[in-house]
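Trainee: Just so it is clear, I am handing over entry-v4.cif, which has mmCIF, C-alpha atoms.
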data_target
loop_
_atom_site.label_atom_id
_atom_site.label_comp_id
_atom_site.auth_asym_id
_atom_site.auth_seq_id
_atom_site.Cartn_x
_atom_site.Cartn_y
_atom_site.Cartn_z
CA MET N 1449 17.66 -9.51 -9.48
CA ARG N 1450 19.00 -5.97 -9.86
CA ALA N 1451 17.12 -2.68 -9.97
CA GLY N 1452 17.49 1.05 -10.45
CA VAL N 1453 15.01 3.79 -9.52
CA GLY N 1454 14.44 7.18 -11.14
CA TYR N 1455 12.32 10.11 -9.97
CA SER N 1456 10.91 13.22 -11.63
CA GLU N 1457 8.72 16.19 -10.78
CA ASN N 1458 8.72 17.64 -14.29
CA PRO N 1459 5.18 18.85 -15.12
CA ASP N 1460 5.78 17.90 -18.76
CA THR N 1461 4.71 14.25 -18.83
CA THR N 1462 6.96 13.24 -21.70
CA MET N 1463 10.07 14.87 -20.23
CA GLY N 1464 9.25 13.57 -16.75
CA ALA N 1465 8.85 9.98 -17.95
CA ILE N 1466 12.12 10.14 -19.90
CA GLN N 1467 13.96 11.62 -16.90
CA ALA N 1468 12.67 9.01 -14.43
CA THR N 1469 13.32 6.07 -16.77
CA THR N 1470 16.83 7.10 -17.79
CA GLU N 1471 17.74 7.78 -14.14
CA ALA N 1472 16.52 4.30 -13.20
CA ILE N 1473 18.65 2.68 -15.88
CA LYS N 1474 21.67 4.78 -14.90
CA GLN N 1475 21.36 3.88 -11.20
CA ALA N 1476 21.26 0.18 -12.04
CA GLY N 1477 24.41 0.45 -14.13
CA ARG N 1478 23.26 -2.21 -16.59
CA SER N 1479 23.84 -2.01 -20.35
CA THR N 1480 21.31 -4.69 -21.30
CA THR N 1481 17.57 -4.15 -21.62
CA CYS N 1482 15.65 -4.53 -18.36
CA ASP N 1483 12.98 -7.20 -17.91
CA LEU N 1484 10.34 -5.27 -15.97
CA ILE N 1485 9.32 -1.67 -15.26
CA LEU N 1486 7.38 -0.55 -12.20
CA MET N 1487 5.95 2.95 -12.67
CA PHE N 1488 3.72 5.16 -10.52
CA SER N 1489 2.65 8.77 -11.03
CA THR N 1490 0.17 11.29 -9.73
CA ALA N 1491 -3.12 11.97 -11.51
CA ARG N 1492 -1.64 15.09 -13.11
CA HIS N 1493 0.03 12.87 -15.72
CA SER N 1494 -1.51 10.76 -18.46
CA ALA N 1495 -0.83 7.07 -17.90
CA HIS N 1496 -1.19 6.49 -21.65
CA VAL N 1497 1.52 9.03 -22.44
CA ILE N 1498 3.85 7.74 -19.72
CA ARG N 1499 3.51 4.17 -20.94
CA GLN N 1500 4.22 5.17 -24.53
CA VAL N 1501 7.28 7.21 -23.53
CA ILE N 1502 8.77 4.50 -21.29
CA ALA N 1503 8.28 1.91 -24.03
CA SER N 1504 10.14 4.17 -26.45
CA VAL N 1505 13.10 4.18 -24.02
CA VAL N 1506 13.26 0.52 -22.93
CA GLY N 1507 11.66 -1.15 -25.93
CA PRO N 1508 8.14 -2.40 -26.74
CA THR N 1509 8.57 -5.90 -25.29
CA VAL N 1510 9.30 -4.87 -21.67
CA SER N 1511 6.34 -5.23 -19.29
CA ILE N 1512 5.35 -1.90 -17.73
CA VAL N 1513 3.34 -2.36 -14.53
CA GLY N 1514 1.96 0.13 -11.99
CA GLY N 1515 -0.50 2.98 -11.89
CA ALA N 1516 -1.53 5.97 -9.82
CA ALA N 1517 0.08 7.31 -6.65
CA THR N 1518 -0.53 10.40 -4.55
CA GLY N 1519 3.24 10.90 -4.36
CA ALA N 1520 6.57 9.13 -4.62
CA ILE N 1521 9.74 8.45 -2.62
CA SER N 1522 13.19 7.55 -3.99
CA ASN N 1523 16.55 7.25 -2.26
CA GLN N 1524 17.14 11.00 -2.38
CA GLN N 1525 13.83 12.69 -3.23
CA PHE N 1526 10.18 12.61 -2.24
CA GLY N 1527 7.05 14.59 -2.94
CA TYR N 1528 3.28 14.35 -3.05
CA SER N 1529 0.23 16.04 -4.54
CA GLY N 1530 2.32 17.34 -7.44
CA ASP N 1531 3.91 16.07 -10.65
CA GLN N 1532 5.76 13.08 -9.22
CA ILE N 1533 6.73 10.16 -11.46
CA ILE N 1534 8.79 7.24 -10.16
CA VAL N 1535 10.18 4.36 -12.20
CA ALA N 1536 11.97 1.17 -11.19
CA ALA N 1537 13.83 -0.70 -13.92
CA ILE N 1538 14.33 -4.34 -12.87
CA TRP N 1539 16.69 -6.97 -14.29
CA LEU N 1540 15.45 -10.37 -13.15
CA ASP N 1541 18.55 -12.47 -13.92
CA ARG N 1542 17.59 -15.94 -12.58
CA VAL N 1543 14.33 -14.64 -11.09
CA ASN N 1544 11.08 -14.83 -13.07
CA PHE N 1545 7.69 -13.16 -12.74
CA LYS N 1546 4.09 -13.79 -13.71
CA LEU N 1547 1.58 -10.98 -14.21
CA GLU N 1548 -2.17 -11.50 -13.81
CA VAL N 1549 -4.86 -8.86 -14.37
CA GLU N 1550 -8.57 -8.93 -13.56
CA GLY N 1551 -11.32 -6.30 -14.01
CA GLY N 1552 -14.77 -5.92 -12.49
CA LEU N 1553 -13.82 -4.15 -9.24
CA ARG N 1554 -16.78 -1.78 -9.48
CA GLN N 1555 -19.19 -4.70 -9.70
CA SER N 1556 -17.65 -6.96 -7.03
CA GLU N 1557 -14.29 -6.78 -5.30
CA GLU N 1558 -14.77 -10.30 -3.98
CA GLU N 1559 -15.45 -11.80 -7.39
CA THR N 1560 -12.47 -9.96 -8.88
CA GLY N 1561 -10.29 -11.38 -6.12
CA ARG N 1562 -11.69 -14.87 -6.62
CA LYS N 1563 -10.88 -14.81 -10.34
CA LEU N 1564 -7.36 -13.54 -9.61
CA GLY N 1565 -6.88 -16.30 -7.05
CA GLN N 1566 -8.01 -18.93 -9.54
CA LYS N 1567 -5.43 -17.65 -12.02
CA LEU N 1568 -2.72 -17.72 -9.35
CA SER N 1569 -3.61 -21.29 -8.38
CA ALA N 1570 -2.10 -22.54 -11.63
CA TYR N 1571 1.44 -21.80 -10.41
CA VAL N 1572 1.40 -20.43 -6.83
CA VAL N 1573 1.61 -23.65 -4.85
CA GLU N 1574 3.21 -22.49 -1.60
CA PRO N 1575 2.44 -19.62 0.82
CA SER N 1576 6.03 -18.31 0.73
CA LYS N 1577 5.79 -17.28 -2.94
CA PRO N 1578 6.24 -13.45 -3.18
CA VAL N 1579 3.17 -11.67 -4.58
CA LEU N 1580 2.55 -7.95 -5.14
CA LEU N 1581 -1.07 -6.78 -5.46
CA PHE N 1582 -2.08 -3.40 -6.86
CA TYR N 1583 -5.66 -2.32 -7.41
CA ASP N 1584 -7.70 0.79 -8.16
CA ALA N 1585 -8.94 2.12 -4.79
CA ILE N 1586 -11.18 4.83 -6.28
CA ASN N 1587 -14.65 4.25 -7.73
CA ARG N 1588 -15.68 7.54 -9.31
CA ASP N 1589 -18.89 8.00 -11.29
CA GLY N 1590 -19.25 11.71 -12.04
CA ASP N 1591 -19.47 13.53 -8.73
CA ASN N 1592 -20.11 10.31 -6.79
CA VAL N 1593 -17.00 8.82 -5.20
CA SER N 1594 -16.62 5.67 -3.14
CA MET N 1595 -13.71 3.49 -2.03
CA ILE N 1596 -13.05 0.08 -3.54
CA MET N 1597 -12.43 -2.23 -0.58
CA ALA N 1598 -9.39 -4.41 0.10
CA THR N 1599 -11.15 -6.74 2.57
CA PRO N 1600 -13.54 -8.44 0.09
CA LEU N 1601 -10.84 -8.40 -2.61
CA LEU N 1602 -8.50 -10.37 -0.33
CA LYS N 1603 -11.33 -12.66 0.78
CA GLY N 1604 -12.07 -13.57 -2.82
CA LEU N 1605 -8.39 -14.05 -3.63
CA GLU N 1606 -8.02 -16.52 -0.77
CA GLU N 1607 -11.13 -18.42 -1.87
CA GLY N 1608 -9.84 -18.64 -5.44
CA LEU N 1609 -6.29 -19.65 -4.49
CA GLY N 1610 -7.11 -21.79 -1.46
CA PHE N 1611 -4.67 -20.01 0.86
CA MET N 1612 -3.04 -16.63 1.34
CA PRO N 1613 0.45 -16.16 -0.15
CA ASN N 1614 3.29 -13.91 1.05
CA LEU N 1615 1.57 -10.79 -0.23
CA VAL N 1616 1.98 -7.02 0.06
CA GLY N 1617 0.22 -4.39 -1.98
CA ALA N 1618 -1.61 -1.11 -2.32
CA GLY N 1619 -4.93 0.43 -3.22
CA LEU N 1620 -3.89 3.04 -5.77
CA GLN N 1621 -4.98 6.66 -5.56
CA GLY N 1622 -3.71 9.49 -7.79
CA ASP N 1623 -4.30 12.53 -5.60
CA TYR N 1624 -6.12 13.83 -2.53
CA VAL N 1625 -9.32 14.74 -4.41
CA ASN N 1626 -9.97 11.22 -5.72
CA SER N 1627 -9.43 11.85 -9.42
CA PRO N 1628 -9.96 8.83 -11.69
CA THR N 1629 -6.98 6.46 -11.63
CA TRP N 1630 -5.45 4.03 -14.14
CA GLN N 1631 -3.44 0.83 -13.95
CA LEU N 1632 -0.56 -0.22 -16.21
CA THR N 1633 -0.97 -3.90 -16.98
CA GLY N 1634 2.24 -4.90 -18.70
CA ASP N 1635 1.17 -4.04 -22.25
CA GLY N 1636 -1.83 -1.77 -21.70
CA VAL N 1637 -3.66 0.84 -19.62
CA VAL N 1638 -6.95 0.01 -17.85
CA GLN N 1639 -9.23 1.30 -15.09
CA HIS N 1640 -10.96 -0.40 -12.12
CA HIS N 1641 -8.72 -3.46 -12.31
CA ALA N 1642 -6.58 -5.42 -9.89
CA LEU N 1643 -3.26 -7.00 -10.82
CA THR N 1644 -0.76 -9.34 -9.22
CA LEU N 1645 2.97 -9.74 -9.81
CA THR N 1646 4.24 -13.11 -8.61
CA PHE N 1647 7.99 -13.75 -8.41
CA GLY N 1648 9.67 -17.12 -8.67
CA GLY N 1649 13.18 -18.50 -8.55
CA PRO N 1650 15.91 -17.47 -6.09
CA VAL N 1651 14.18 -14.41 -4.64
CA GLN N 1652 12.82 -13.64 -1.18
CA MET N 1653 10.38 -10.91 -0.10
CA ASP N 1654 10.39 -9.71 3.54
CA SER N 1655 8.18 -6.96 4.94
CA ILE N 1656 7.58 -4.99 8.11
CA ILE N 1657 4.64 -2.85 9.21
CA MET N 1658 5.11 0.62 10.68
CA HIS N 1659 1.88 2.15 11.97
CA GLY N 1660 3.34 5.05 13.91
CA CYS N 1661 0.61 4.75 16.53
CA ARG N 1662 0.00 2.87 19.79
CA PRO N 1663 -3.05 1.92 21.89
CA ALA N 1664 -4.41 4.80 23.99
CA THR N 1665 -7.35 2.99 25.62
CA SER N 1666 -8.58 -0.36 26.83
CA TYR N 1667 -10.73 -2.55 24.59
CA TYR N 1668 -14.21 -1.72 23.32
CA THR N 1669 -16.55 -3.94 21.30
CA VAL N 1670 -18.45 -3.21 18.10
CA THR N 1671 -22.02 -4.41 18.67
CA LYS N 1672 -23.82 -3.31 15.49
CA THR N 1673 -22.72 -2.40 11.96
CA ASP N 1674 -23.99 -1.77 8.47
CA TYR N 1675 -21.18 -2.80 6.11
CA GLN N 1676 -18.38 -0.28 6.82
CA THR N 1677 -20.42 1.88 9.23
CA ILE N 1678 -20.12 1.17 12.96
CA LEU N 1679 -23.56 1.87 14.45
CA GLU N 1680 -23.10 0.70 18.03
CA ILE N 1681 -20.18 0.31 20.45
CA ASN N 1682 -20.75 -1.63 23.68
CA GLY N 1683 -24.46 -1.49 22.96
CA TYR N 1684 -24.66 2.31 22.62
CA PRO N 1685 -24.89 4.60 19.55
CA ALA N 1686 -21.36 4.64 18.14
CA LEU N 1687 -20.87 8.37 17.60
CA ASP N 1688 -22.15 9.29 21.06
CA TYR N 1689 -20.11 6.54 22.71
CA MET N 1690 -16.90 7.57 20.94
CA HIS N 1691 -17.50 11.15 22.05
CA GLN N 1692 -17.73 9.90 25.65
CA ILE N 1693 -14.41 8.09 25.23
CA LEU N 1694 -12.56 11.03 23.70
CA GLY N 1695 -14.35 13.91 25.41
CA GLU N 1696 -13.45 17.33 24.10
CA ALA N 1697 -10.00 16.22 22.92
CA ILE N 1698 -11.37 15.56 19.41
CA ALA N 1699 -14.68 16.92 18.16
CA PRO N 1700 -16.76 14.35 16.22
CA ASP N 1701 -16.58 16.52 13.10
CA ASN N 1702 -12.80 15.97 13.17
CA TYR N 1703 -12.96 12.16 13.31
CA PRO N 1704 -12.66 11.66 9.51
CA PHE N 1705 -9.04 10.99 8.49
CA PHE N 1706 -7.92 11.52 12.11
CA LEU N 1707 -9.54 8.90 14.35
CA ILE N 1708 -7.63 5.60 14.23
CA LEU N 1709 -8.94 2.36 15.74
CA GLY N 1710 -6.60 -0.59 16.26
CA ILE N 1711 -7.58 -4.26 15.95
CA ASN N 1712 -5.16 -6.51 17.84
CA LYS N 1713 -4.76 -9.88 16.15
CA GLY N 1714 -2.15 -11.03 18.67
CA GLU N 1715 -2.15 -11.65 22.42
CA LYS N 1716 -4.82 -9.41 23.92
CA TRP N 1717 -2.96 -8.38 27.07
CA GLY N 1718 0.56 -8.95 25.80
CA GLN N 1719 3.23 -6.36 25.10
CA PHE N 1720 2.39 -4.04 22.20
CA ASN N 1721 3.53 -5.51 18.89
CA GLU N 1722 3.07 -3.48 15.70
CA GLU N 1723 3.01 -6.64 13.59
CA SER N 1724 -0.14 -7.79 15.41
CA TYR N 1725 -2.25 -4.69 14.78
CA ALA N 1726 -4.43 -3.67 11.86
CA SER N 1727 -5.14 0.06 11.94
CA ARG N 1728 -8.53 1.32 10.82
CA LEU N 1729 -9.02 4.96 9.83
CA CYS N 1730 -12.34 6.80 10.05
CA LEU N 1731 -13.59 7.86 6.61
CA ALA N 1732 -16.67 9.87 7.65
CA ILE N 1733 -19.35 10.21 10.30
CA ASP N 1734 -23.02 9.38 9.83
CA LYS N 1735 -24.85 11.91 11.99
CA GLU N 1736 -28.31 10.67 10.99
CA ARG N 1737 -27.60 7.15 12.27
CA ASN N 1738 -25.11 8.16 14.96
CA GLY N 1739 -22.48 6.07 13.19
CA ILE N 1740 -18.77 6.08 12.34
CA VAL N 1741 -17.86 5.17 8.76
CA MET N 1742 -14.57 3.29 8.38
CA PHE N 1743 -12.36 2.71 5.32
CA GLU N 1744 -12.85 -1.07 5.45
CA PRO N 1745 -15.94 -3.22 6.26
CA ASP N 1746 -14.19 -5.73 8.53
CA MET N 1747 -15.12 -4.21 11.91
CA VAL N 1748 -18.19 -6.39 12.25
CA ALA N 1749 -20.26 -6.98 15.39
CA GLY N 1750 -18.06 -8.64 18.01
CA THR N 1751 -14.84 -6.94 16.88
CA GLU N 1752 -12.76 -5.66 19.78
CA PHE N 1753 -10.71 -2.52 19.21
CA GLN N 1754 -8.67 0.17 20.92
CA VAL N 1755 -8.40 3.86 20.14
CA MET N 1756 -4.87 4.59 18.90
CA PHE N 1757 -2.73 7.69 19.34
CA ARG N 1758 -0.13 8.82 16.83
CA SER N 1759 3.58 8.93 17.55
CA LEU N 1760 5.07 12.38 18.01
CA ASP N 1761 8.44 11.29 16.61
CA LEU N 1762 9.84 8.97 13.98
CA ASP N 1763 12.30 7.08 16.17
CA TYR N 1764 10.39 3.83 15.65
CA ILE N 1765 11.30 3.65 11.94
CA HIS N 1766 15.07 3.12 11.92
CA PRO N 1767 15.27 0.07 14.25
CA ARG N 1768 12.42 -1.63 12.36
CA ILE N 1769 14.11 -1.21 8.97
CA GLU N 1770 17.53 -2.05 10.36
CA SER N 1771 16.19 -5.31 11.78
CA LEU N 1772 15.10 -6.33 8.28
CA TYR N 1773 18.53 -5.67 6.76
CA SER N 1774 20.27 -7.41 9.67
CA GLY N 1775 18.06 -10.46 9.39
CA LEU N 1776 18.87 -10.85 5.70
CA ALA N 1777 22.60 -10.53 6.40
CA LEU N 1778 22.39 -13.34 8.96
CA LYS N 1779 20.71 -15.56 6.37
CA ASN N 1780 23.38 -14.59 3.81
CA TYR N 1781 20.88 -12.89 1.52
CA GLU N 1782 21.65 -9.74 -0.46
CA PRO N 1783 18.90 -7.07 -0.57
CA THR N 1784 18.44 -5.81 -4.12
CA PHE N 1785 15.31 -3.64 -4.14
CA ALA N 1786 13.27 -1.78 -1.50
CA LEU N 1787 9.56 -1.01 -1.87
CA TYR N 1788 7.81 1.36 0.54
CA ILE N 1789 4.02 1.57 0.46
CA ASN N 1790 2.87 4.53 2.55
CA CYS N 1791 -0.56 5.82 3.51
CA ALA N 1792 -1.16 9.15 1.77
CA GLY N 1793 -2.53 10.54 5.04
CA ARG N 1794 0.89 10.16 6.68
CA ALA N 1795 2.39 12.86 4.44
CA GLY N 1796 3.44 15.74 6.69
CA ALA N 1797 1.54 18.52 4.94
CA TYR N 1798 -1.64 16.48 4.84
CA SER N 1799 -1.52 15.24 8.43
CA GLY N 1800 -0.66 18.68 9.80
CA SER N 1801 2.76 17.58 11.04
CA ASP N 1802 6.33 18.72 10.47
CA LEU N 1803 7.38 15.05 10.44
CA GLU N 1804 8.00 13.31 7.12
CA ASP N 1805 8.43 9.58 7.48
CA ALA N 1806 9.80 9.51 3.93
CA ILE N 1807 12.98 11.18 5.19
CA ALA N 1808 13.32 8.68 8.03
CA VAL N 1809 12.94 5.80 5.57
CA GLN N 1810 15.50 7.31 3.20
CA ASN N 1811 17.98 7.77 6.06
CA SER N 1812 17.44 4.20 7.23
CA VAL N 1813 17.92 2.71 3.77
CA ALA N 1814 21.04 4.90 3.45
CA GLY N 1815 21.54 4.05 -0.20
CA ARG N 1816 21.99 0.32 0.45
CA THR N 1817 19.28 -0.61 -2.05
CA PRO N 1818 17.33 1.25 -4.74
CA LEU N 1819 14.14 2.57 -3.11
CA LEU N 1820 10.74 2.97 -4.76
CA GLY N 1821 8.10 4.42 -2.45
CA ILE N 1822 4.53 5.47 -3.15
CA TYR N 1823 1.80 7.27 -1.22
CA CYS N 1824 -1.48 5.40 -1.63
CA GLY N 1825 -5.03 4.97 -0.38
CA VAL N 1826 -4.77 1.51 1.22
CA GLU N 1827 -1.79 -0.58 2.30
CA ILE N 1828 -1.74 -4.38 2.38
CA ALA N 1829 0.64 -6.48 4.45
CA SER N 1830 0.68 -9.50 6.71
CA VAL N 1831 -0.73 -9.21 10.24
CA GLN N 1832 -0.10 -12.38 12.24
CA GLY N 1833 0.69 -14.27 9.07
CA ARG N 1834 -2.34 -13.10 7.09
CA PRO N 1835 -2.44 -10.28 4.49
CA ARG N 1836 -4.91 -7.55 5.46
CA GLY N 1837 -5.91 -4.14 4.23
CA LEU N 1838 -4.41 -1.46 6.49
CA ASP N 1839 -4.83 2.27 7.11
CA TRP N 1840 -2.39 4.89 8.35
CA THR N 1841 0.46 2.44 7.83
CA GLY N 1842 3.86 2.26 6.18
CA VAL N 1843 4.81 -1.11 4.71
CA PHE N 1844 8.52 -1.54 4.01
CA THR N 1845 9.53 -4.49 1.83
CA LEU N 1846 12.93 -5.82 0.78
CA PHE N 1847 13.52 -8.14 -2.15
CA SER N 1848 16.69 -10.19 -1.77
CA VAL N 1849 18.62 -13.01 -3.41
CA PRO N 1850 21.14 -15.51 -2.00
CA LYS N 1851 24.71 -14.21 -1.96
#
Take the structure I supplied and represent it as structure tokens, if you would.
Mentor:
Amino acid sequence: MRAGVGYSENPDTTMGAIQATTEAIKQAGRSTTCDLILMFSTARHSAHVIRQVIASVVGPTVSIVGGAATGAISNQQFGYSGDQIIVAAIWLDRVNFKLEVEGGLRQSEEETGRKLGQKLSAYVVEPSKPVLLFYDAINRDGDNVSMIMATPLLKGLEEGLGFMPNLVGAGLQGDYVNSPTWQLTGDGVVQHHALTLTFGGPVQMDSIIMHGCRPATSYYTVTKTDYQTILEINGYPALDYMHQILGEAIAPDNYPFFLILGINKGEKWGQFNEESYASRLCLAIDKERNGIVMFEPDMVAGTEFQVMFRSLDLDYIHPRIESLYSGLALKNYEPTFALYINCAGRAGAYSGSDLEDAIAVQNSVAGRTPLLGIYCGVEIASVQGRPRGLDWTGVFTLFSVPK
């Protein structure tokens, strides 16, 4: 497997798609036609136009897979909430891939996942098989907007497949105002779909989670919920109880997109381990019911959680990424392609910070592998050996082949 990545911020969709695609091919240094294209762009661009343009460059038989992103990150550039287009051209060599696509997310995430899992069961026979999952995270009907959930999608996928594979992925979102999004499905353009890319042959996929936050409190227990809304904590109205915990440090009106709750899937009183935590971000508050609305519906009654605080520096990023490269070197594997799936809320301008984790990731990769990064609505990675939907998280993945 070999790859090259190209990036553009040209507001002209045709010129931007040509620039990103030709840069990707140039970085790879290959003269033959690539086997697979990964492409992501903001909602300012037409997915139909981008697909047509890329096909005119690489040929009509190459699968073009991807969709919407709030922004993009390459080895040298990054940006968000603008005209970003990012393209990865991939030569598989002895590696192979299988693409599956399933619609119906607006009707039932779980059923969509189940059908995808049933398709995967025909050839995914071991949990170590690398799988990428991308799905439309935005359900927009006129002025009404809701999030499509990762938790039931993954639940259905596991039921259909019979187990959970080595899976990372993203809930795709094209901007910060929840414009309609589209998915590129190899040979077409669709909406409200989920797709999987499964890789076979001599390829390995290794990932790490980087939340950028740590526990700030002891444990509390969810005692009543209504789907994704927490109604009670420790037997008291959730909004009032959270205000008692946080005091005047954060006003309840500021909880949305700021308050982060951590669910520890590892040893309860052990040393903090990022790989054991699933972060949950507050989406809204429900003043009428005294509730806290979360991005995912998995904080059911009985769930223990901690309030998390955000890191004030990015020093945690480099050693985490370096450990991944070092581990592959010890196993005599060569990293060939880096994928970074980043919560859109972590972008500096959006989070009100001067810190840009994109720069820290670029510096840590240091040009060793082509890097394709996207800002998205939901991140998916393994927590204690099980893929879960995550919030406020960066998921860094390396594809590698034996040397």
Trainee: Name all residues at most 9 Å from Arg1768 in chain N (count all atoms listed in the file; drop same-chain ones fewer than 6 positions away) and give them as a PyMOL selection string.
Mentor: chain N and resi 1656-1658
Trainee: Return as CSV the residues of range 1782-1806 of chain N lying at most 10 Å from range 1613-1617 of chain N, together with the closest atom-to-atom pair for each and the distance in Å to one decimal, counting all atoms listed in the file, with rows in chain order and ascending residue number.
Mentor:
residue,atom,partner,partner_atom,distance
N:Leu1787,CA,N:Val1616,CA,9.9
N:Tyr1788,CA,N:Gly1617,CA,9.8
N:Ile1789,CA,N:Gly1617,CA,7.5
Trainee: Need the shell around Ile1822 in chain N: protein/DNA/RNA residues with any atom at most 8 Å away, counting all atoms listed in the file. Skip same-chain ones fewer than 4 positions apart. Format as number ranges by chain?
Mentor: N: 1488, 1517-1521, 1788-1790
Trainee: With the file shown as input, list the residues that the PyMOL selection byres ((chain N and resi 1685-1690) around 8) selects, as an MDAnalysis selection string.
Mentor: chainID N and resid 1678:1681 1683:1684 1691:1694 1700 1733 1735 1738:1740
Trainee: For this file, the PyMOL selection byres ((chain N and resi 1522) around 12) selects which residues, as an MDAnalysis selection string?
Mentor: chainID N and resid 1452:1457 1468 1471:1472 1475 1488 1519:1521 1523:1527 1532:1536 1785:1789 1806:1807 1809:1811 1813:1815 1817:1823
Trainee: Can you tell me how far CA of Asp1839 in chain N sits from CA of Phe1545 in chain N, in Å to one decimal?
Mentor: 28.1 Å
Trainee: Determine the residue membership of the PyMOL selection byres ((chain N and resi 1701-1714) around 6) for the file above and supply it as JSON, numbers by chain.
Mentor: {"N": [1699, 1700, 1715, 1724, 1725, 1726, 1727, 1728, 1729, 1730, 1731, 1732, 1753, 1754, 1755, 1756]}
Trainee: Which residues are close to range 1758-1760 of chain N, i.e. within 10 Å by only C-alpha atoms, leaving aside same-chain residues fewer than 5 positions away? Reply as a list in words.
Mentor: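 Answer for this query is His1659, Gly1660, Cys1661, Arg1662, Pro1663, Ala1664, Phe1706, Leu1707, Ile1708, Ser1801, Asp1802, Leu1803 and Trp1840 of chain N.
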Trainee: Can you work out the spacing between CA of Gly1561 in chain N and CA of Gly1634 in chain N in Å, to one decimal?
Mentor: 18.9 Å
Trainee: If I only want range 1647-1663 of chain N, can you write it with N, CA and C atoms, as a tab-separated table (two decimals), in the first residue's frame?
Mentor:
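Saved file out_13.tsv follows:
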chain	number	residue	atom	x	y	z
N	1647	PHE	N	-10.31	-3.65	4.60
N	1647	PHE	CA	-9.05	-3.93	3.93
N	1647	PHE	C	-8.58	-5.35	4.25
N	1648	GLY	N	-8.06	-6.01	3.24
N	1648	GLY	CA	-7.54	-7.35	3.40
N	1648	GLY	C	-6.14	-7.47	2.84
N	1649	GLY	N	-5.50	-8.61	3.10
N	1649	GLY	CA	-4.14	-8.81	2.64
N	1649	GLY	C	-3.13	-8.33	3.66
N	1650	PRO	N	-1.90	-8.07	3.24
N	1650	PRO	CA	-0.83	-7.72	4.19
N	1650	PRO	C	-0.89	-6.26	4.62
N	1651	VAL	N	-1.92	-5.91	5.38
N	1651	VAL	CA	-2.06	-4.55	5.88
N	1651	VAL	C	-2.53	-4.59	7.33
N	1652	GLN	N	-2.05	-3.66	8.12
N	1652	GLN	CA	-2.41	-3.57	9.54
N	1652	GLN	C	-2.90	-2.15	9.81
N	1653	MET	N	-3.89	-2.02	10.70
N	1653	MET	CA	-4.42	-0.72	11.09
N	1653	MET	C	-4.33	-0.58	12.61
N	1654	ASP	N	-3.57	0.42	13.07
N	1654	ASP	CA	-3.40	0.66	14.51
N	1654	ASP	C	-3.84	2.08	14.84
N	1655	SER	N	-4.55	2.23	15.95
N	1655	SER	CA	-5.11	3.54	16.30
N	1655	SER	C	-4.85	3.88	17.76
N	1656	ILE	N	-4.84	5.19	18.03
N	1656	ILE	CA	-4.79	5.69	19.40
N	1656	ILE	C	-5.85	6.77	19.56
N	1657	ILE	N	-6.31	6.93	20.79
N	1657	ILE	CA	-7.29	7.95	21.14
N	1657	ILE	C	-6.59	9.07	21.89
N	1658	MET	N	-6.94	10.31	21.53
N	1658	MET	CA	-6.40	11.48	22.23
N	1658	MET	C	-7.56	12.41	22.57
N	1659	HIS	N	-8.00	12.35	23.83
N	1659	HIS	CA	-9.14	13.16	24.26
N	1659	HIS	C	-8.74	14.60	24.57
N	1660	GLY	N	-7.56	14.77	25.14
N	1660	GLY	CA	-7.16	16.11	25.56
N	1660	GLY	C	-7.91	16.58	26.79
N	1661	CYS	N	-8.41	15.64	27.60
N	1661	CYS	CA	-9.07	16.02	28.85
N	1661	CYS	C	-8.87	14.90	29.87
N	1662	ARG	N	-8.99	15.26	31.14
N	1662	ARG	CA	-8.78	14.33	32.24
N	1662	ARG	C	-9.90	14.48	33.27
N	1663	PRO	N	-10.09	13.46	34.13
N	1663	PRO	CA	-11.14	13.57	35.15
N	1663	PRO	C	-10.88	14.72	36.12
